[in-house]
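For reference, data.cif is printed below; it contains mmCIF, C-alpha atoms and all ligand atoms.
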```cif
data_final
#
loop_
_atom_site.label_atom_id
_atom_site.label_comp_id
_atom_site.auth_asym_id
_atom_site.auth_seq_id
_atom_site.Cartn_x
_atom_site.Cartn_y
_atom_site.Cartn_z
CA MET P 1214 0.00 0.00 0.00
CA ILE P 1215 1.36 3.47 -0.81
CA THR P 1216 0.72 6.03 1.91
CA LEU P 1217 1.44 9.69 2.50
CA VAL P 1218 0.89 11.11 5.99
CA LEU P 1219 1.54 14.64 7.19
CA HIS P 1220 1.19 17.04 10.11
CA GLY P 1221 1.09 20.79 10.44
CA GLY P 1222 1.85 21.00 14.16
CA ALA P 1223 0.31 19.79 17.41
CA GLY P 1224 -0.80 21.89 20.37
CA ASN P 1225 -3.79 23.67 21.74
CA ILE P 1226 -5.85 23.19 18.60
CA THR P 1227 -9.54 23.18 19.56
CA PRO P 1228 -12.79 24.34 17.96
CA ALA P 1229 -12.55 27.36 20.32
CA ILE P 1230 -9.52 28.78 18.46
CA MET P 1231 -10.65 27.96 14.92
CA ASN P 1232 -13.37 29.62 12.91
CA ALA P 1233 -14.89 28.21 9.74
CA GLU P 1234 -12.57 30.21 7.48
CA GLN P 1235 -9.49 28.97 9.33
CA GLU P 1236 -10.74 25.39 9.09
CA ARG P 1237 -11.11 25.88 5.35
CA GLN P 1238 -7.60 27.31 5.06
CA TYR P 1239 -6.05 24.43 6.97
CA SER P 1240 -8.06 21.86 5.04
CA ARG P 1241 -6.96 23.36 1.75
CA GLY P 1242 -3.34 23.66 2.86
CA LEU P 1243 -3.11 20.12 4.17
CA GLN P 1244 -4.96 18.66 1.20
CA ALA P 1245 -2.69 20.44 -1.30
CA ALA P 1246 0.36 18.97 0.42
CA LEU P 1247 -1.21 15.50 0.60
CA ASP P 1248 -1.97 15.63 -3.11
CA ALA P 1249 1.53 16.83 -4.01
CA GLY P 1250 3.17 14.03 -2.03
CA TYR P 1251 0.71 11.36 -3.05
CA SER P 1252 1.02 12.13 -6.76
CA VAL P 1253 4.77 11.48 -6.49
CA LEU P 1254 4.03 8.06 -4.97
CA ALA P 1255 1.32 7.31 -7.54
CA LYS P 1256 3.89 7.91 -10.32
CA GLU P 1257 6.25 5.39 -8.74
CA GLY P 1258 8.33 8.11 -7.10
CA THR P 1259 10.23 7.28 -3.92
CA ALA P 1260 9.03 7.86 -0.38
CA LEU P 1261 11.85 10.36 0.03
CA GLN P 1262 10.74 12.37 -3.01
CA ALA P 1263 7.13 12.30 -1.82
CA VAL P 1264 8.04 13.55 1.65
CA GLU P 1265 10.04 16.42 0.18
CA ALA P 1266 7.27 17.36 -2.28
CA ALA P 1267 4.63 17.45 0.47
CA ILE P 1268 6.81 19.49 2.82
CA VAL P 1269 7.69 22.05 0.14
CA VAL P 1270 3.98 22.79 -0.28
CA LEU P 1271 3.59 23.25 3.48
CA GLU P 1272 6.73 25.43 3.68
CA ASP P 1273 5.34 27.70 0.96
CA ASN P 1274 2.06 28.17 2.83
CA PRO P 1275 2.31 31.02 5.40
CA ILE P 1276 -0.22 29.46 7.78
CA PHE P 1277 2.36 26.88 8.89
CA ASN P 1278 5.42 27.55 11.03
CA ALA P 1279 8.02 26.43 8.48
CA GLY P 1280 9.65 28.07 5.48
CA ARG P 1281 7.63 31.15 4.55
CA GLY P 1282 5.48 31.14 7.72
CA SER P 1283 8.37 30.69 10.18
CA VAL P 1284 8.08 32.45 13.55
CA PHE P 1285 10.30 35.33 14.69
CA THR P 1286 13.36 34.86 16.89
CA LYS P 1287 14.27 37.21 19.75
CA LYS P 1288 16.25 39.25 17.22
CA GLY P 1289 13.26 39.52 14.91
CA VAL P 1290 14.59 37.21 12.20
CA HIS P 1291 13.71 33.70 11.02
CA GLU P 1292 15.97 30.74 11.76
CA MET P 1293 14.74 27.49 10.32
CA ASP P 1294 15.46 23.81 10.99
CA ALA P 1295 14.70 20.81 8.79
CA ALA P 1296 15.60 17.14 8.37
CA LEU P 1297 15.00 14.26 5.98
CA MET P 1298 15.72 10.57 6.43
CA ASN P 1299 15.52 7.64 4.05
CA GLY P 1300 14.47 4.33 5.59
CA SER P 1301 16.02 2.00 3.02
CA ASN P 1302 19.66 3.00 3.59
CA LEU P 1303 19.50 5.17 6.74
CA MET P 1304 20.82 8.17 4.81
CA ALA P 1305 19.91 11.47 6.45
CA GLY P 1306 20.37 15.20 5.98
CA ALA P 1307 19.57 18.07 8.32
CA VAL P 1308 20.00 21.83 8.69
CA ALA P 1309 19.64 24.04 11.75
CA GLY P 1310 19.37 27.79 12.16
CA VAL P 1311 19.36 28.59 8.44
CA ARG P 1312 18.15 31.96 7.19
CA ASN P 1313 16.60 33.14 3.94
CA VAL P 1314 16.47 29.68 2.40
CA LYS P 1315 13.07 29.41 0.73
CA ASN P 1316 12.71 25.67 1.31
CA PRO P 1317 14.90 24.32 4.12
CA ILE P 1318 13.73 20.77 3.38
CA ARG P 1319 15.42 20.99 -0.03
CA LEU P 1320 18.60 22.07 1.69
CA ALA P 1321 18.33 19.05 4.02
CA ARG P 1322 18.10 16.87 0.90
CA GLU P 1323 21.22 18.50 -0.55
CA VAL P 1324 23.07 17.92 2.73
CA MET P 1325 22.10 14.26 2.61
CA LEU P 1326 23.05 13.72 -1.01
CA HIS P 1327 25.97 16.07 -1.64
CA SER P 1328 27.73 17.26 1.51
CA GLY P 1329 29.26 14.11 2.93
CA HIS P 1330 27.75 15.15 6.26
CA VAL P 1331 24.46 14.70 8.07
CA MET P 1332 23.88 18.07 9.71
CA LEU P 1333 24.92 21.62 8.86
CA SER P 1334 24.09 24.74 10.83
CA GLY P 1335 23.95 28.54 10.68
CA ASN P 1336 26.22 30.42 8.28
CA GLY P 1337 27.89 27.27 7.05
CA ALA P 1338 24.55 25.79 6.05
CA ASN P 1339 23.70 29.04 4.27
CA GLU P 1340 27.01 28.94 2.41
CA PHE P 1341 26.23 25.39 1.34
CA ALA P 1342 22.78 26.49 0.15
CA LEU P 1343 24.43 29.09 -2.09
CA LYS P 1344 26.92 26.56 -3.40
CA GLN P 1345 24.11 24.14 -4.29
CA GLY P 1346 22.16 26.88 -6.03
CA LEU P 1347 19.13 26.68 -3.77
CA GLU P 1348 16.51 29.39 -4.01
CA LEU P 1349 16.92 32.16 -1.43
CA ALA P 1350 14.31 34.73 -0.36
CA HIS P 1351 14.50 38.16 1.27
CA ASP P 1352 13.34 38.75 4.84
CA GLU P 1353 10.09 40.29 3.54
CA TYR P 1354 9.13 36.95 2.02
CA PHE P 1355 9.03 35.50 5.54
CA PHE P 1356 7.08 38.41 7.06
CA ASN P 1357 3.66 37.51 8.40
CA GLN P 1358 1.56 39.95 10.42
CA ASP P 1359 0.13 37.36 12.83
CA ARG P 1360 3.54 35.96 13.60
CA TYR P 1361 4.90 39.47 14.01
CA ASP P 1362 2.16 40.43 16.48
CA GLN P 1363 2.74 37.19 18.35
CA TRP P 1364 6.44 38.05 18.67
CA VAL P 1365 5.87 41.72 19.62
CA GLU P 1366 3.88 40.59 22.63
CA ILE P 1367 6.81 38.75 24.16
CA ARG P 1368 9.96 40.10 22.52
CA ASP P 1369 10.92 42.19 25.56
CA SER P 1370 10.62 39.23 27.89
CA ASP P 1371 12.62 36.05 28.36
CA PHE P 1372 9.61 34.05 27.26
CA TYR P 1373 9.57 31.83 24.23
CA GLN P 1374 6.66 29.82 22.99
CA LEU P 1375 5.28 27.20 20.70
CA ASP P 1376 3.31 29.10 18.12
CA HIS P 1377 0.16 27.09 18.66
CA LYS P 1378 0.09 27.07 22.42
CA GLU P 1379 -1.75 29.50 24.64
CA ASP P 1380 0.80 29.49 27.44
CA ASN P 1381 4.39 30.40 27.03
CA LEU P 1382 7.07 28.25 28.52
CA LYS P 1383 8.05 30.38 31.47
CA GLY P 1384 4.73 31.68 32.67
CA THR P 1385 1.46 33.08 31.47
CA ILE P 1386 1.26 35.37 28.52
CA PRO P 1387 -1.61 37.55 27.37
CA ASN P 1388 -4.52 35.81 25.76
CA THR P 1389 -3.34 34.98 22.27
CA ASP P 1390 -4.66 32.79 19.57
CA PHE P 1391 -1.85 30.54 18.40
CA LYS P 1392 -2.83 28.29 15.61
CA PHE P 1393 0.13 27.52 13.41
CA GLY P 1394 2.68 24.76 13.45
CA THR P 1395 5.76 22.91 12.44
CA VAL P 1396 5.27 20.59 9.47
CA GLY P 1397 6.27 17.03 8.71
CA ALA P 1398 5.57 14.13 6.38
CA VAL P 1399 6.18 10.39 6.28
CA ALA P 1400 5.57 8.10 3.32
CA CYS P 1401 5.63 4.50 2.14
CA ASP P 1402 6.27 3.96 -1.57
CA ALA P 1403 5.34 1.20 -4.02
CA GLN P 1404 8.66 -0.56 -3.34
CA GLY P 1405 7.88 -0.73 0.38
CA HIS P 1406 10.48 1.86 1.31
CA ILE P 1407 9.70 4.57 3.84
CA ALA P 1408 11.01 8.08 4.60
CA ALA P 1409 10.43 10.94 7.02
CA GLY P 1410 10.92 14.71 7.00
CA THR P 1411 10.26 17.65 9.33
CA SER P 1412 10.60 21.42 8.86
CA THR P 1413 10.10 24.27 11.34
CA GLY P 1414 10.73 27.85 12.32
CA GLY P 1415 11.02 26.59 15.91
CA MET P 1416 9.69 28.69 18.75
CA THR P 1417 8.68 32.35 18.81
CA ASN P 1418 11.27 34.54 20.56
CA LYS P 1419 13.87 31.76 20.66
CA ARG P 1420 17.45 32.97 21.16
CA PHE P 1421 21.06 31.91 21.59
CA GLY P 1422 20.77 29.76 18.48
CA ARG P 1423 18.20 27.47 20.11
CA ILE P 1424 17.54 24.32 18.10
CA GLY P 1425 14.65 21.97 18.80
CA ASP P 1426 14.04 18.32 18.02
CA SER P 1427 12.87 18.69 14.41
CA PRO P 1428 16.29 18.58 12.67
CA VAL P 1429 17.85 16.12 15.12
CA ILE P 1430 17.88 12.62 13.67
CA GLY P 1431 16.33 10.25 16.18
CA ALA P 1432 14.58 12.97 18.18
CA GLY P 1433 12.13 14.71 15.82
CA THR P 1434 12.78 12.74 12.64
CA TYR P 1435 13.70 9.11 11.94
CA ALA P 1436 13.18 6.43 9.29
CA ASN P 1437 14.18 2.79 9.04
CA ASP P 1438 12.47 0.35 6.66
CA ARG P 1439 12.70 -2.37 9.34
CA THR P 1440 10.52 -0.42 11.75
CA CYS P 1441 8.94 2.96 10.96
CA ALA P 1442 9.25 6.50 9.64
CA ILE P 1443 8.41 9.22 12.17
CA SER P 1444 8.01 13.00 12.17
CA CYS P 1445 7.34 14.76 15.49
CA THR P 1446 5.89 18.09 16.58
CA GLY P 1447 5.63 19.65 20.00
CA HIS P 1448 7.83 21.02 22.76
CA GLY P 1449 11.22 20.19 21.29
CA GLU P 1450 13.25 20.11 24.48
CA PHE P 1451 11.22 17.14 25.74
CA PHE P 1452 11.37 15.34 22.41
CA LEU P 1453 15.14 15.75 22.41
CA ARG P 1454 15.53 14.35 25.92
CA ARG P 1455 13.19 11.46 25.15
CA VAL P 1456 14.81 10.76 21.75
CA VAL P 1457 11.21 10.22 20.70
CA ALA P 1458 11.41 9.13 17.07
CA TYR P 1459 14.18 6.60 17.65
CA ASP P 1460 12.52 5.35 20.81
CA VAL P 1461 9.42 4.40 18.82
CA SER P 1462 11.66 2.55 16.37
CA CYS P 1463 13.53 0.78 19.20
CA LEU P 1464 10.35 -0.35 20.93
CA MET P 1465 9.39 -2.01 17.66
CA GLU P 1466 12.81 -3.42 16.83
CA TYR P 1467 13.89 -4.64 20.27
CA GLY P 1468 10.62 -4.65 22.17
CA GLY P 1469 8.48 -6.37 19.58
CA MET P 1470 5.75 -3.74 19.77
CA SER P 1471 3.43 -2.85 16.92
CA LEU P 1472 3.64 0.63 15.40
CA GLN P 1473 0.54 1.74 17.30
CA GLN P 1474 1.72 0.30 20.62
CA ALA P 1475 5.15 1.91 20.31
CA CYS P 1476 3.70 5.35 19.45
CA ASP P 1477 1.19 5.17 22.31
CA LYS P 1478 3.88 4.14 24.76
CA VAL P 1479 6.22 7.00 23.85
CA ILE P 1480 3.73 9.86 23.37
CA GLY P 1481 0.94 8.81 25.72
CA ASP P 1482 3.16 7.53 28.50
CA LYS P 1483 6.91 8.25 28.49
CA LEU P 1484 6.75 11.76 27.07
CA LYS P 1485 3.63 12.71 28.94
CA VAL P 1486 4.93 11.81 32.39
CA MET P 1487 7.84 14.17 31.78
CA GLY P 1488 5.40 16.96 30.92
CA GLY P 1489 6.23 16.93 27.20
CA GLU P 1490 3.39 18.02 24.97
CA GLY P 1491 2.98 17.18 21.30
CA GLY P 1492 2.61 14.31 18.90
CA LEU P 1493 3.87 12.46 15.86
CA ILE P 1494 2.92 10.84 12.60
CA ALA P 1495 4.22 7.40 11.68
CA VAL P 1496 4.16 4.91 8.84
CA ASN P 1497 5.61 1.42 8.41
CA ALA P 1498 6.86 -0.43 5.32
CA GLN P 1499 3.42 -2.02 4.83
CA GLY P 1500 1.93 1.46 4.48
CA ALA P 1501 0.04 1.38 7.79
CA HIS P 1502 -0.06 4.74 9.50
CA VAL P 1503 -0.54 6.15 13.01
CA PHE P 1504 -1.42 9.60 14.33
CA CYS P 1505 -0.53 10.00 17.97
CA PHE P 1506 -0.63 13.10 20.21
CA ASN P 1507 -1.11 14.03 23.84
CA SER P 1508 -2.08 17.64 23.09
CA ALA P 1509 -5.60 18.92 22.39
CA GLY P 1510 -5.14 18.60 18.65
CA MET P 1511 -2.79 18.14 15.71
CA TYR P 1512 -3.20 19.39 12.15
CA ARG P 1513 -2.89 16.19 10.14
CA GLY P 1514 -3.77 14.30 6.99
CA VAL P 1515 -3.40 10.93 5.28
CA ARG P 1516 -3.89 9.64 1.76
CA ASN P 1517 -3.30 6.03 0.69
CA SER P 1518 -3.95 3.57 -2.14
CA GLU P 1519 -6.87 2.02 -0.24
CA GLY P 1520 -8.89 5.16 -0.86
CA VAL P 1521 -8.31 6.94 2.45
CA ASN P 1522 -7.95 10.69 1.88
CA GLU P 1523 -8.66 12.83 4.92
CA VAL P 1524 -7.53 15.76 7.02
CA ALA P 1525 -8.32 16.52 10.68
CA TYR P 1526 -7.27 18.89 13.48
CA TYR P 1527 -8.92 18.12 16.80
CA GLY P 1528 -8.53 15.36 19.36
CA LEU P 1529 -9.55 11.82 18.54
N1 LIG P 1601 9.20 20.76 17.80
C1 LIG P 1601 9.41 22.11 17.33
C2 LIG P 1601 10.55 22.72 18.10
O1 LIG P 1601 10.63 22.50 19.30
C3 LIG P 1601 8.23 23.00 17.45
C4 LIG P 1601 6.92 22.46 16.92
O2 LIG P 1601 6.77 21.27 16.71
O3 LIG P 1601 6.01 23.27 16.70
O4 LIG P 1601 11.31 23.47 17.52
#
```
Could you rewrite the structure in this file as structure tokens?
Amino acid sequence: MITLVLHGGAGNITPAIMNAEQERQYSRGLQAALDAGYSVLAKEGTALQAVEAAIVVLEDNPIFNAGRGSVFTKKGVHEMDAALMNGSNLMAGAVAGVRNVKNPIRLAREVMLHSGHVMLSGNGANEFALKQGLELAHDEYFFNQDRYDQWVEIRDSDFYQLDHKEDNLKGTIPNTDFKFGTVGAVACDAQGHIAAGTSTGGMTNKRFGRIGDSPVIGAGTYANDRTCAISCTGHGEFFLRRVVAYDVSCLMEYGGMSLQQACDKVIGDKLKVMGGEGGLIAVNAQGAHVFCFNSAGMYRGVRNSEGVNEVAYYGL
């Protein structure tokens, strides 16, 4: 079975923060990305190509916190993280803290295929983007009024926040309406190979070069044909400490758990008892998929060759 699964962030996503127009926007955005990724799979493309194609569409859509819609850092700029991993050969590429790269997920692909490394960061990653001829964009391309307002509210404080959470991470902030998120995709192709990718602007008002789980292989992103492909979203510090994506894979490989059992164990139990909020999407080499989150909601979608084609946002 070929399958494309994606997320657009997990957090405090409830009917109370979404109006009908926003629901339409998210539905359209998620569906466009599902279609882009799925059409790659339907034409016998690889899982890796499908994941990249779906994420590019999400990065280009300003409603998501990745690429064009990335949140503002403490300094009022955009620093983006992304990673890709291929389950058939365990090849991986990641970038952290890159600026003005239109599609960080494409840069992660270039790192994987042409750098001889797995992870590049900051100025060096930007230099590599130039060398590989990737498309760059001016700061104005990344400007978004909602994100800007969100940042202005906390820029003079030490607070930082997930963009779709009502509380910040060091106390209470004014009543805001956060509704955007990190993006990710996982896929299973016609050859039974799987892949995962994640892309994010991180957290509003982040500083000191903070990097979350998304670009860290094993924490926010992981793929291995023998077990699963995973993309996470949520409070990155907890996902890093829990090595979430690899833990799901290990529970399957060494613990004999099913995909669903392993996801439930990590997100619903191990992460939750630490106070870590968020979720993940997963697929295995048979094309079975799992959505799993311990937050109120997660923007998500799935399309497969058994006729499933759906998007959702709220709790199960
Ligand atoms: N996990 C991301 C980070 O901590 C944020 C998110 O998923 O929205 O950078």
Do you have, as JSON lines, the list of residues of chain P lying at most 9 Å from ligand LIG 1601 (chain P), each with its nearest atom pair and that distance in Å to one decimal, counting all atoms listed in the file and ordered by chain then number?
```
{"residue": "P:Gly1221", "atom": "CA", "partner": "P:LIG1601", "partner_atom": "O3", "distance": 8.3}
{"residue": "P:Gly1222", "atom": "CA", "partner": "P:LIG1601", "partner_atom": "O3", "distance": 5.4}
{"residue": "P:Ala1223", "atom": "CA", "partner": "P:LIG1601", "partner_atom": "O2", "distance": 6.7}
{"residue": "P:Gly1224", "atom": "CA", "partner": "P:LIG1601", "partner_atom": "O3", "distance": 7.9}
{"residue": "P:Asn1278", "atom": "CA", "partner": "P:LIG1601", "partner_atom": "O3", "distance": 7.1}
{"residue": "P:Met1293", "atom": "CA", "partner": "P:LIG1601", "partner_atom": "O4", "distance": 8.9}
{"residue": "P:Asp1294", "atom": "CA", "partner": "P:LIG1601", "partner_atom": "O4", "distance": 7.7}
{"residue": "P:Gln1374", "atom": "CA", "partner": "P:LIG1601", "partner_atom": "C3", "distance": 8.9}
{"residue": "P:Leu1375", "atom": "CA", "partner": "P:LIG1601", "partner_atom": "O3", "distance": 5.7}
{"residue": "P:Asp1376", "atom": "CA", "partner": "P:LIG1601", "partner_atom": "O3", "distance": 6.6}
{"residue": "P:His1377", "atom": "CA", "partner": "P:LIG1601", "partner_atom": "O3", "distance": 7.3}
{"residue": "P:Phe1393", "atom": "CA", "partner": "P:LIG1601", "partner_atom": "O3", "distance": 8.0}
{"residue": "P:Gly1394", "atom": "CA", "partner": "P:LIG1601", "partner_atom": "O3", "distance": 4.9}
{"residue": "P:Thr1395", "atom": "CA", "partner": "P:LIG1601", "partner_atom": "O3", "distance": 4.3}
{"residue": "P:Val1396", "atom": "CA", "partner": "P:LIG1601", "partner_atom": "O2", "distance": 7.4}
{"residue": "P:Thr1411", "atom": "CA", "partner": "P:LIG1601", "partner_atom": "O2", "distance": 8.9}
{"residue": "P:Ser1412", "atom": "CA", "partner": "P:LIG1601", "partner_atom": "C1", "distance": 8.6}
{"residue": "P:Thr1413", "atom": "CA", "partner": "P:LIG1601", "partner_atom": "O4", "distance": 6.3}
{"residue": "P:Gly1414", "atom": "CA", "partner": "P:LIG1601", "partner_atom": "O4", "distance": 6.8}
{"residue": "P:Gly1415", "atom": "CA", "partner": "P:LIG1601", "partner_atom": "O4", "distance": 3.5}
{"residue": "P:Met1416", "atom": "CA", "partner": "P:LIG1601", "partner_atom": "O4", "distance": 5.6}
{"residue": "P:Arg1423", "atom": "CA", "partner": "P:LIG1601", "partner_atom": "O4", "distance": 8.4}
{"residue": "P:Ile1424", "atom": "CA", "partner": "P:LIG1601", "partner_atom": "O4", "distance": 6.3}
{"residue": "P:Gly1425", "atom": "CA", "partner": "P:LIG1601", "partner_atom": "O4", "distance": 3.9}
{"residue": "P:Asp1426", "atom": "CA", "partner": "P:LIG1601", "partner_atom": "N1", "distance": 5.4}
{"residue": "P:Ser1427", "atom": "CA", "partner": "P:LIG1601", "partner_atom": "N1", "distance": 5.4}
{"residue": "P:Pro1428", "atom": "CA", "partner": "P:LIG1601", "partner_atom": "O4", "distance": 8.5}
{"residue": "P:Gly1433", "atom": "CA", "partner": "P:LIG1601", "partner_atom": "N1", "distance": 7.0}
{"residue": "P:Cys1445", "atom": "CA", "partner": "P:LIG1601", "partner_atom": "O2", "distance": 6.6}
{"residue": "P:Thr1446", "atom": "CA", "partner": "P:LIG1601", "partner_atom": "O2", "distance": 3.3}
{"residue": "P:Gly1447", "atom": "CA", "partner": "P:LIG1601", "partner_atom": "O2", "distance": 3.8}
{"residue": "P:His1448", "atom": "CA", "partner": "P:LIG1601", "partner_atom": "O1", "distance": 4.7}
{"residue": "P:Gly1449", "atom": "CA", "partner": "P:LIG1601", "partner_atom": "O1", "distance": 3.1}
{"residue": "P:Glu1450", "atom": "CA", "partner": "P:LIG1601", "partner_atom": "O1", "distance": 6.3}
{"residue": "P:Phe1451", "atom": "CA", "partner": "P:LIG1601", "partner_atom": "O1", "distance": 8.4}
{"residue": "P:Phe1452", "atom": "CA", "partner": "P:LIG1601", "partner_atom": "N1", "distance": 7.4}
{"residue": "P:Leu1453", "atom": "CA", "partner": "P:LIG1601", "partner_atom": "O1", "distance": 8.7}
{"residue": "P:Gly1491", "atom": "CA", "partner": "P:LIG1601", "partner_atom": "O2", "distance": 7.2}
{"residue": "P:Gly1492", "atom": "CA", "partner": "P:LIG1601", "partner_atom": "O2", "distance": 8.4}
```
Got time to write the residues from that selection, C-alpha atoms, as an mmCIF file, in the coordinates of the input?
```cif
data_model
loop_
_atom_site.group_PDB
_atom_site.id
_atom_site.type_symbol
_atom_site.label_atom_id
_atom_site.label_comp_id
_atom_site.auth_asym_id
_atom_site.auth_seq_id
_atom_site.Cartn_x
_atom_site.Cartn_y
_atom_site.Cartn_z
ATOM 1 C CA GLY P 1221 1.090 20.790 10.440
ATOM 2 C CA GLY P 1222 1.850 21.000 14.160
ATOM 3 C CA ALA P 1223 0.310 19.790 17.410
ATOM 4 C CA GLY P 1224 -0.800 21.890 20.370
ATOM 5 C CA ASN P 1278 5.420 27.550 11.030
ATOM 6 C CA MET P 1293 14.740 27.490 10.320
ATOM 7 C CA ASP P 1294 15.460 23.810 10.990
ATOM 8 C CA GLN P 1374 6.660 29.820 22.990
ATOM 9 C CA LEU P 1375 5.280 27.200 20.700
ATOM 10 C CA ASP P 1376 3.310 29.100 18.120
ATOM 11 C CA HIS P 1377 0.160 27.090 18.660
ATOM 12 C CA PHE P 1393 0.130 27.520 13.410
ATOM 13 C CA GLY P 1394 2.680 24.760 13.450
ATOM 14 C CA THR P 1395 5.760 22.910 12.440
ATOM 15 C CA VAL P 1396 5.270 20.590 9.470
ATOM 16 C CA THR P 1411 10.260 17.650 9.330
ATOM 17 C CA SER P 1412 10.600 21.420 8.860
ATOM 18 C CA THR P 1413 10.100 24.270 11.340
ATOM 19 C CA GLY P 1414 10.730 27.850 12.320
ATOM 20 C CA GLY P 1415 11.020 26.590 15.910
ATOM 21 C CA MET P 1416 9.690 28.690 18.750
ATOM 22 C CA ARG P 1423 18.200 27.470 20.110
ATOM 23 C CA ILE P 1424 17.540 24.320 18.100
ATOM 24 C CA GLY P 1425 14.650 21.970 18.800
ATOM 25 C CA ASP P 1426 14.040 18.320 18.020
ATOM 26 C CA SER P 1427 12.870 18.690 14.410
ATOM 27 C CA PRO P 1428 16.290 18.580 12.670
ATOM 28 C CA GLY P 1433 12.130 14.710 15.820
ATOM 29 C CA CYS P 1445 7.340 14.760 15.490
ATOM 30 C CA THR P 1446 5.890 18.090 16.580
ATOM 31 C CA GLY P 1447 5.630 19.650 20.000
ATOM 32 C CA HIS P 1448 7.830 21.020 22.760
ATOM 33 C CA GLY P 1449 11.220 20.190 21.290
ATOM 34 C CA GLU P 1450 13.250 20.110 24.480
ATOM 35 C CA PHE P 1451 11.220 17.140 25.740
ATOM 36 C CA PHE P 1452 11.370 15.340 22.410
ATOM 37 C CA LEU P 1453 15.140 15.750 22.410
ATOM 38 C CA GLY P 1491 2.980 17.180 21.300
ATOM 39 C CA GLY P 1492 2.610 14.310 18.900
#
```
**Study point:** For CA of Asn1299 (chain P) and CA of Glu1490 (chain P), the interatomic separation in Å (one decimal)
**Key:** 26.3 Å
Review point. Counting only C-alpha atoms, which of P:Gln1358, P:Asn1418, P:Asn1313, P:Ser1518 gets nearest to Asn1336 (chain P)?
Key: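 Using only C-alpha atoms, Asn1336 (chain P) sits closest to P:Asn1313.
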Exercise for review: Considering only C-alpha atoms, state which residue in the set P:Pro1275, P:Gly1410, P:Gly1306, P:Gly1422 is at the smallest distance from Leu1261 (chain P).
Suggested key: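 Checking each candidate against Leu1261 (chain P), we get P:Gly1410 as the closest.
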Revision key, fill the gap. The distance between CA of Tyr1251 (chain P) and CA of Val1314 (chain P) is 24.8 Å
Review point. Which polymer residues have any atom within 6 Å of an atom of region 1316-1324 of chain P, counting all atoms listed in the file, with same-chain residues fewer than 4 positions away left out, as a list in words?
Key: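 Once the adjacent positions are removed, what remains is Gly1280, Ala1295, Ala1296, Gly1306, Ala1307, Val1308 and Ser1328 of chain P.
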Review point. Skipping near chain neighbours, those fewer than 3 positions away, what residues fall within 8 Å of Leu1303 (chain P) using only C-alpha atoms, listed as a list of chain:residue names?
Key: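 What passes the distance filter is P:Met1298, P:Asn1299, P:Gly1300, P:Ala1436, P:Asn1437.
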Practice item. Pick out the closest residue to Asn1497 (chain P) from this set: P:Gly1335, P:Gly1258, P:Gly1405, P:Gly1242. Count all atoms listed in the file. Key: P:Gly1405
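CA of Ser1462 (chain P) sits 21.4 Å away from CA of Glu1265 (chain P).
The shortest atom-to-atom distance to Leu1493 (chain P), with only C-alpha atoms taken into account, belongs to P:His1220 out of P:Arg1241, P:Lys1419, P:His1220, P:Arg1368.
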